[in-house]
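Colleague: Structure file work-v2.cif (mmCIF, C-alpha atoms, pLDDT in the B column; chains and numbers go by the auth columns) right here:
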data_model
loop_
_atom_site.group_PDB
_atom_site.id
_atom_site.type_symbol
_atom_site.label_atom_id
_atom_site.label_comp_id
_atom_site.label_asym_id
_atom_site.label_seq_id
_atom_site.Cartn_x
_atom_site.Cartn_y
_atom_site.Cartn_z
_atom_site.B_iso_or_equiv
_atom_site.auth_seq_id
_atom_site.auth_asym_id
ATOM 1 C CA MET A 1 69.052 177.223 74.705 75.00 1 A
ATOM 2 C CA PHE A 2 70.900 180.511 74.395 81.00 2 A
ATOM 3 C CA ASP A 3 74.438 181.654 73.677 87.00 3 A
ATOM 4 C CA ARG A 4 76.164 181.124 77.026 85.00 4 A
ATOM 5 C CA GLU A 5 79.339 182.949 76.014 88.00 5 A
ATOM 6 C CA LEU A 6 77.387 186.035 75.008 93.00 6 A
ATOM 7 C CA ALA A 7 75.414 185.907 78.264 92.00 7 A
ATOM 8 C CA LYS A 8 78.679 185.622 80.230 89.00 8 A
ATOM 9 C CA GLU A 9 80.102 188.659 78.455 94.00 9 A
ATOM 10 C CA ILE A 10 76.963 190.690 79.134 96.00 10 A
ATOM 11 C CA LEU A 11 77.070 189.719 82.816 95.00 11 A
ATOM 12 C CA ARG A 12 80.774 190.630 82.952 94.00 12 A
ATOM 13 C CA GLN A 13 79.954 194.080 81.569 97.00 13 A
ATOM 14 C CA ILE A 14 77.134 194.559 84.081 97.00 14 A
ATOM 15 C CA LEU A 15 79.401 193.590 86.943 96.00 15 A
ATOM 16 C CA ALA A 16 82.215 195.855 85.735 96.00 16 A
ATOM 17 C CA ALA A 17 79.812 198.821 85.521 97.00 17 A
ATOM 18 C CA ALA A 18 78.342 198.092 88.963 97.00 18 A
ATOM 19 C CA ASN A 19 81.819 197.844 90.482 96.00 19 A
ATOM 20 C CA ARG A 20 82.718 201.213 88.949 97.00 20 A
ATOM 21 C CA ILE A 21 79.592 202.691 90.515 98.00 21 A
ATOM 22 C CA GLU A 22 80.566 201.333 93.932 97.00 22 A
ATOM 23 C CA ARG A 23 84.081 202.736 93.593 97.00 23 A
ATOM 24 C CA ARG A 24 82.859 206.165 92.480 97.00 24 A
ATOM 25 C CA PHE A 25 80.126 206.273 95.115 97.00 25 A
ATOM 26 C CA LYS A 26 82.216 205.264 98.143 96.00 26 A
ATOM 27 C CA ASP A 27 82.840 208.846 99.333 95.00 27 A
ATOM 28 C CA VAL A 28 79.332 210.148 98.620 97.00 28 A
ATOM 29 C CA ARG A 29 77.462 210.699 101.893 98.00 29 A
ATOM 30 C CA SER A 30 74.320 212.469 100.689 98.00 30 A
ATOM 31 C CA PRO A 31 72.596 213.417 97.422 98.00 31 A
ATOM 32 C CA ASP A 32 74.019 216.931 97.849 97.00 32 A
ATOM 33 C CA ASP A 33 77.521 215.529 97.347 98.00 33 A
ATOM 34 C CA PHE A 34 76.505 215.047 93.716 97.00 34 A
ATOM 35 C CA LEU A 35 75.296 218.632 93.307 96.00 35 A
ATOM 36 C CA LEU A 36 77.377 221.067 95.337 97.00 36 A
ATOM 37 C CA SER A 37 80.595 221.010 93.330 97.00 37 A
ATOM 38 C CA ASP A 38 81.856 220.428 89.814 98.00 38 A
ATOM 39 C CA ALA A 39 83.580 217.265 91.056 97.00 39 A
ATOM 40 C CA GLY A 40 80.272 216.019 92.451 97.00 40 A
ATOM 41 C CA ILE A 41 78.466 216.715 89.197 96.00 41 A
ATOM 42 C CA ASP A 42 81.232 214.902 87.310 97.00 42 A
ATOM 43 C CA LYS A 43 80.797 211.962 89.672 98.00 43 A
ATOM 44 C CA LEU A 44 77.028 212.007 89.089 97.00 44 A
ATOM 45 C CA ASP A 45 77.631 212.005 85.338 96.00 45 A
ATOM 46 C CA ALA A 46 80.029 209.066 85.615 97.00 46 A
ATOM 47 C CA VAL A 47 77.676 207.058 87.834 98.00 47 A
ATOM 48 C CA CYS A 48 74.750 207.742 85.505 97.00 48 A
ATOM 49 C CA MET A 49 76.749 206.522 82.534 97.00 49 A
ATOM 50 C CA MET A 50 77.364 203.220 84.307 98.00 50 A
ATOM 51 C CA LEU A 51 73.661 202.978 85.222 98.00 51 A
ATOM 52 C CA ILE A 52 72.906 203.351 81.514 98.00 52 A
ATOM 53 C CA VAL A 53 75.424 200.592 80.738 98.00 53 A
ATOM 54 C CA ILE A 54 73.773 198.304 83.289 98.00 54 A
ATOM 55 C CA GLY A 55 70.257 198.970 82.009 98.00 55 A
ATOM 56 C CA GLU A 56 71.202 198.511 78.380 98.00 56 A
ATOM 57 C CA ASN A 57 73.034 195.278 79.121 98.00 57 A
ATOM 58 C CA LEU A 58 70.090 193.960 81.135 98.00 58 A
ATOM 59 C CA LYS A 59 67.863 194.576 78.122 98.00 59 A
ATOM 60 C CA ASN A 60 70.369 192.740 75.934 97.00 60 A
ATOM 61 C CA LEU A 61 70.578 189.856 78.413 97.00 61 A
ATOM 62 C CA ASP A 62 66.805 189.487 78.306 96.00 62 A
ATOM 63 C CA LYS A 63 66.927 189.348 74.510 97.00 63 A
ATOM 64 C CA VAL A 64 69.720 186.757 74.500 95.00 64 A
ATOM 65 C CA THR A 65 68.029 184.541 77.109 93.00 65 A
ATOM 66 C CA GLY A 66 64.445 185.000 75.978 94.00 66 A
ATOM 67 C CA GLY A 67 63.620 186.704 79.273 94.00 67 A
ATOM 68 C CA LYS A 68 64.074 183.456 81.210 90.00 68 A
ATOM 69 C CA LEU A 69 67.273 184.063 83.149 92.00 69 A
ATOM 70 C CA LEU A 70 66.583 187.279 85.080 95.00 70 A
ATOM 71 C CA ALA A 71 63.044 186.131 85.895 94.00 71 A
ATOM 72 C CA GLN A 72 64.577 183.457 88.115 91.00 72 A
ATOM 73 C CA TYR A 73 66.097 186.132 90.365 94.00 73 A
ATOM 74 C CA PRO A 74 63.173 188.283 91.582 96.00 74 A
ATOM 75 C CA GLU A 75 65.184 189.771 94.455 95.00 75 A
ATOM 76 C CA VAL A 76 66.446 192.441 92.038 97.00 76 A
ATOM 77 C CA ASP A 77 64.104 194.963 90.451 97.00 77 A
ATOM 78 C CA TRP A 78 65.249 194.243 86.886 97.00 78 A
ATOM 79 C CA LYS A 79 62.422 196.275 85.359 97.00 79 A
ATOM 80 C CA GLY A 80 63.376 199.240 87.521 96.00 80 A
ATOM 81 C CA ALA A 81 67.045 198.938 86.547 96.00 81 A
ATOM 82 C CA LYS A 82 66.143 198.887 82.854 97.00 82 A
ATOM 83 C CA GLY A 83 63.732 201.782 83.398 94.00 83 A
ATOM 84 C CA MET A 84 66.451 203.788 85.137 95.00 84 A
ATOM 85 C CA ARG A 85 68.466 203.560 81.933 94.00 85 A
ATOM 86 C CA ASP A 86 65.548 205.014 79.974 93.00 86 A
ATOM 87 C CA ILE A 87 64.999 207.874 82.423 93.00 87 A
ATOM 88 C CA ILE A 88 68.670 208.837 82.480 95.00 88 A
ATOM 89 C CA SER A 89 69.022 208.572 78.711 93.00 89 A
ATOM 90 C CA HIS A 90 65.887 210.467 77.756 93.00 90 A
ATOM 91 C CA HIS A 91 65.322 212.864 80.672 87.00 91 A
ATOM 92 C CA TYR A 92 68.827 213.573 81.939 79.00 92 A
ATOM 93 C CA PHE A 93 68.238 217.177 82.949 81.00 93 A
ATOM 94 C CA ASP A 94 65.234 216.105 85.022 83.00 94 A
ATOM 95 C CA LEU A 95 67.357 213.590 86.918 88.00 95 A
ATOM 96 C CA ASN A 96 66.850 213.431 90.674 94.00 96 A
ATOM 97 C CA ALA A 97 70.136 213.110 92.574 96.00 97 A
ATOM 98 C CA GLU A 98 68.264 211.588 95.529 97.00 98 A
ATOM 99 C CA VAL A 99 67.072 208.711 93.347 96.00 99 A
ATOM 100 C CA VAL A 100 70.584 208.096 92.021 97.00 100 A
ATOM 101 C CA PHE A 101 71.925 208.212 95.586 98.00 101 A
ATOM 102 C CA PHE A 102 69.313 205.673 96.740 97.00 102 A
ATOM 103 C CA VAL A 103 70.062 203.348 93.820 97.00 103 A
ATOM 104 C CA CYS A 104 73.812 203.472 94.481 98.00 104 A
ATOM 105 C CA LYS A 105 73.431 202.992 98.219 98.00 105 A
ATOM 106 C CA ASP A 106 70.597 200.473 98.397 97.00 106 A
ATOM 107 C CA ARG A 107 70.310 198.688 95.041 97.00 107 A
ATOM 108 C CA ILE A 108 73.771 198.289 93.511 97.00 108 A
ATOM 109 C CA PRO A 109 75.165 196.006 96.262 97.00 109 A
ATOM 110 C CA GLY A 110 72.278 193.549 95.783 96.00 110 A
ATOM 111 C CA LEU A 111 72.589 193.725 92.027 97.00 111 A
ATOM 112 C CA ILE A 112 76.291 192.870 92.274 96.00 112 A
ATOM 113 C CA GLU A 113 75.592 189.961 94.596 94.00 113 A
ATOM 114 C CA THR A 114 72.897 188.579 92.296 95.00 114 A
ATOM 115 C CA VAL A 115 74.924 188.991 89.100 95.00 115 A
ATOM 116 C CA VAL A 116 77.830 187.157 90.736 92.00 116 A
ATOM 117 C CA GLN A 117 75.418 184.414 91.784 90.00 117 A
ATOM 118 C CA ILE A 118 73.969 184.121 88.274 90.00 118 A
ATOM 119 C CA SER A 119 77.441 184.103 86.764 85.00 119 A
ATOM 120 C CA SER A 120 78.900 181.485 89.054 79.00 120 A
ATOM 121 C CA VAL A 121 75.943 179.166 89.589 68.00 121 A
ATOM 122 C CA ARG A 122 73.840 179.371 86.457 55.00 122 A
ATOM 123 C CA LEU A 123 76.519 179.939 83.858 54.00 123 A
ATOM 124 C CA GLY A 124 79.534 178.230 85.376 54.00 124 A
ATOM 125 C CA PHE A 125 81.460 181.489 85.311 47.00 125 A
ATOM 126 C CA CYS A 126 83.141 180.651 88.607 42.00 126 A
ATOM 127 C CA MET A 127 86.358 182.574 88.222 42.00 127 A
ATOM 128 C CA LEU A 128 84.597 185.861 87.549 43.00 128 A
ATOM 129 C CA TYR A 129 86.518 188.624 89.294 41.00 129 A
ATOM 130 C CA GLY A 130 88.538 186.244 91.429 42.00 130 A
ATOM 131 C CA ILE A 131 85.608 184.282 92.815 39.00 131 A
ATOM 132 C CA LYS A 132 86.815 180.761 93.339 38.00 132 A
ATOM 133 C CA LYS A 133 83.492 179.177 94.198 37.00 133 A
ATOM 134 C CA LEU A 134 83.369 176.071 92.069 35.00 134 A
ATOM 135 C CA GLU A 135 79.954 174.553 91.666 38.00 135 A
ATOM 136 C CA LYS A 136 78.463 172.203 89.173 35.00 136 A
ATOM 137 C CA CYS A 137 76.858 174.221 86.430 35.00 137 A
ATOM 138 C CA SER A 138 73.598 173.368 84.764 36.00 138 A
ATOM 139 C CA PHE A 139 71.010 175.582 83.160 35.00 139 A
ATOM 140 C CA PHE A 140 67.693 176.285 84.811 31.00 140 A
ATOM 141 C CA THR A 141 67.721 173.465 87.321 32.00 141 A
#
Can you dump the structure from the file as structure tokens?
Modeller:
Amino acid sequence: MFDRELAKEILRQILAAANRIERRFKDVRSPDDFLLSDAGIDKLDAVCMMLIVIGENLKNLDKVTGGKLLAQYPEVDWKGAKGMRDIISHHYFDLNAEVVFFVCKDRIPGLIETVVQISSVRLGFCMLYGIKKLEKCSFFT
């Protein structure tokens, strides 16, 4: 068994970071929107910081849960999300705006949906961000 409260907090942080990405990304229409102005570069920086937060917290969640929780949700590329954190952190100036654009557009919505599902179903965290879906909670059923 693992520390449920710590896992809940980690999931809350992941969801908060992903929601910030969605908010910051909503007006971005192409990868060039990240590169053609100072405001776009600032937005890219801010999004990348939240991608780092997500990746780091996913690594922490795996440690806390012994790698068992995320493995039950293969619809998200958890390894890729954790790897994105490493690329941004260690090779920032080689960052590809097209990859960040793709992640924001095509991966973050699914990550949010899955984290909400994990939080509400697996951990009984049903009131997370106003979600009022009350279900019986049990671990790894």
Colleague: Which residue gives the smallest distance to Ala97 (chain A) among A:Arg4, A:Lys43, A:Arg12, A:Arg23, with all atoms listed in the file counted?
Modeller: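 Ranked by minimum distance to Ala97 (chain A), first place goes to A:Lys43.
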Colleague: Quick check, in Å to one decimal: how far apart do CA of Thr114 (chain A) and CA of Leu95 (chain A) lie?
Modeller: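 Result for CA of Thr114 (chain A) versus CA of Leu95 (chain A): 26.2 Å, one decimal.
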Colleague: Name every residue that the PyMOL selection byres ((chain A and resi 111) around 9) selects in this structure, writing the answer as a PyMOL selection string with chains first and numbers rising.
Modeller: chain A and resi 15+18+75-78+107-110+112-116
Colleague: Would you mind reading off the distance between CA of Leu58 (chain A) and CA of Arg20 (chain A), one decimal, in Å?
Modeller: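 So the answer is 16.5 Å.
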Colleague: Might you spell out which residues the PyMOL selection byres ((chain A and resi 104) around 9) would select in the displayed file, as a short mmCIF file (atom, residue, chain, number, x, y, z; two decimals) with C-alpha atoms, in the frame of the given file?
Modeller:
data_model
loop_
_atom_site.label_atom_id
_atom_site.label_comp_id
_atom_site.auth_asym_id
_atom_site.auth_seq_id
_atom_site.Cartn_x
_atom_site.Cartn_y
_atom_site.Cartn_z
CA ALA A 18 78.34 198.09 88.96
CA ILE A 21 79.59 202.69 90.52
CA GLU A 22 80.57 201.33 93.93
CA PHE A 25 80.13 206.27 95.12
CA VAL A 47 77.68 207.06 87.83
CA VAL A 99 67.07 208.71 93.35
CA VAL A 100 70.58 208.10 92.02
CA PHE A 101 71.92 208.21 95.59
CA PHE A 102 69.31 205.67 96.74
CA VAL A 103 70.06 203.35 93.82
CA LYS A 105 73.43 202.99 98.22
CA ASP A 106 70.60 200.47 98.40
CA ARG A 107 70.31 198.69 95.04
CA ILE A 108 73.77 198.29 93.51
CA PRO A 109 75.17 196.01 96.26
#
Colleague: Would you mind reading off the distance between CA of Asn19 (chain A) and CA of Ile54 (chain A), one decimal, in Å?
Modeller: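 Distance between the two atoms: 10.8 Å.
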Colleague: Rank A:Val28, A:His91, A:Glu9, A:Gly83 by their smallest atom-to-atom distance to Glu56 (chain A), using all atoms listed in the file, and report the top residue only.
Modeller: A:Gly83
Colleague: For Asn60 (chain A), work out the shell of residues within 12 Å, counting only C-alpha atoms and skipping chain neighbours fewer than 3 positions away, then give it as an MDAnalysis selection string.
Modeller: chainID A and resid 6:11 13:14 53:57 63:67 69:70 82
Colleague: Using only C-alpha atoms, can you tell me which of A:Asp45, A:Tyr73, A:Ala39, A:Ile52 comes closest to Phe93 (chain A)?
Modeller: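 For Phe93 (chain A), the nearest of the given residues is A:Asp45.
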Colleague: Which protein, DNA or RNA residues are at most 12 Å from (84.9, 216.3, 97.0) in the file's coordinates when you count all atoms listed in the file, listed as number ranges by chain?
Modeller: A: 24-30, 32-44
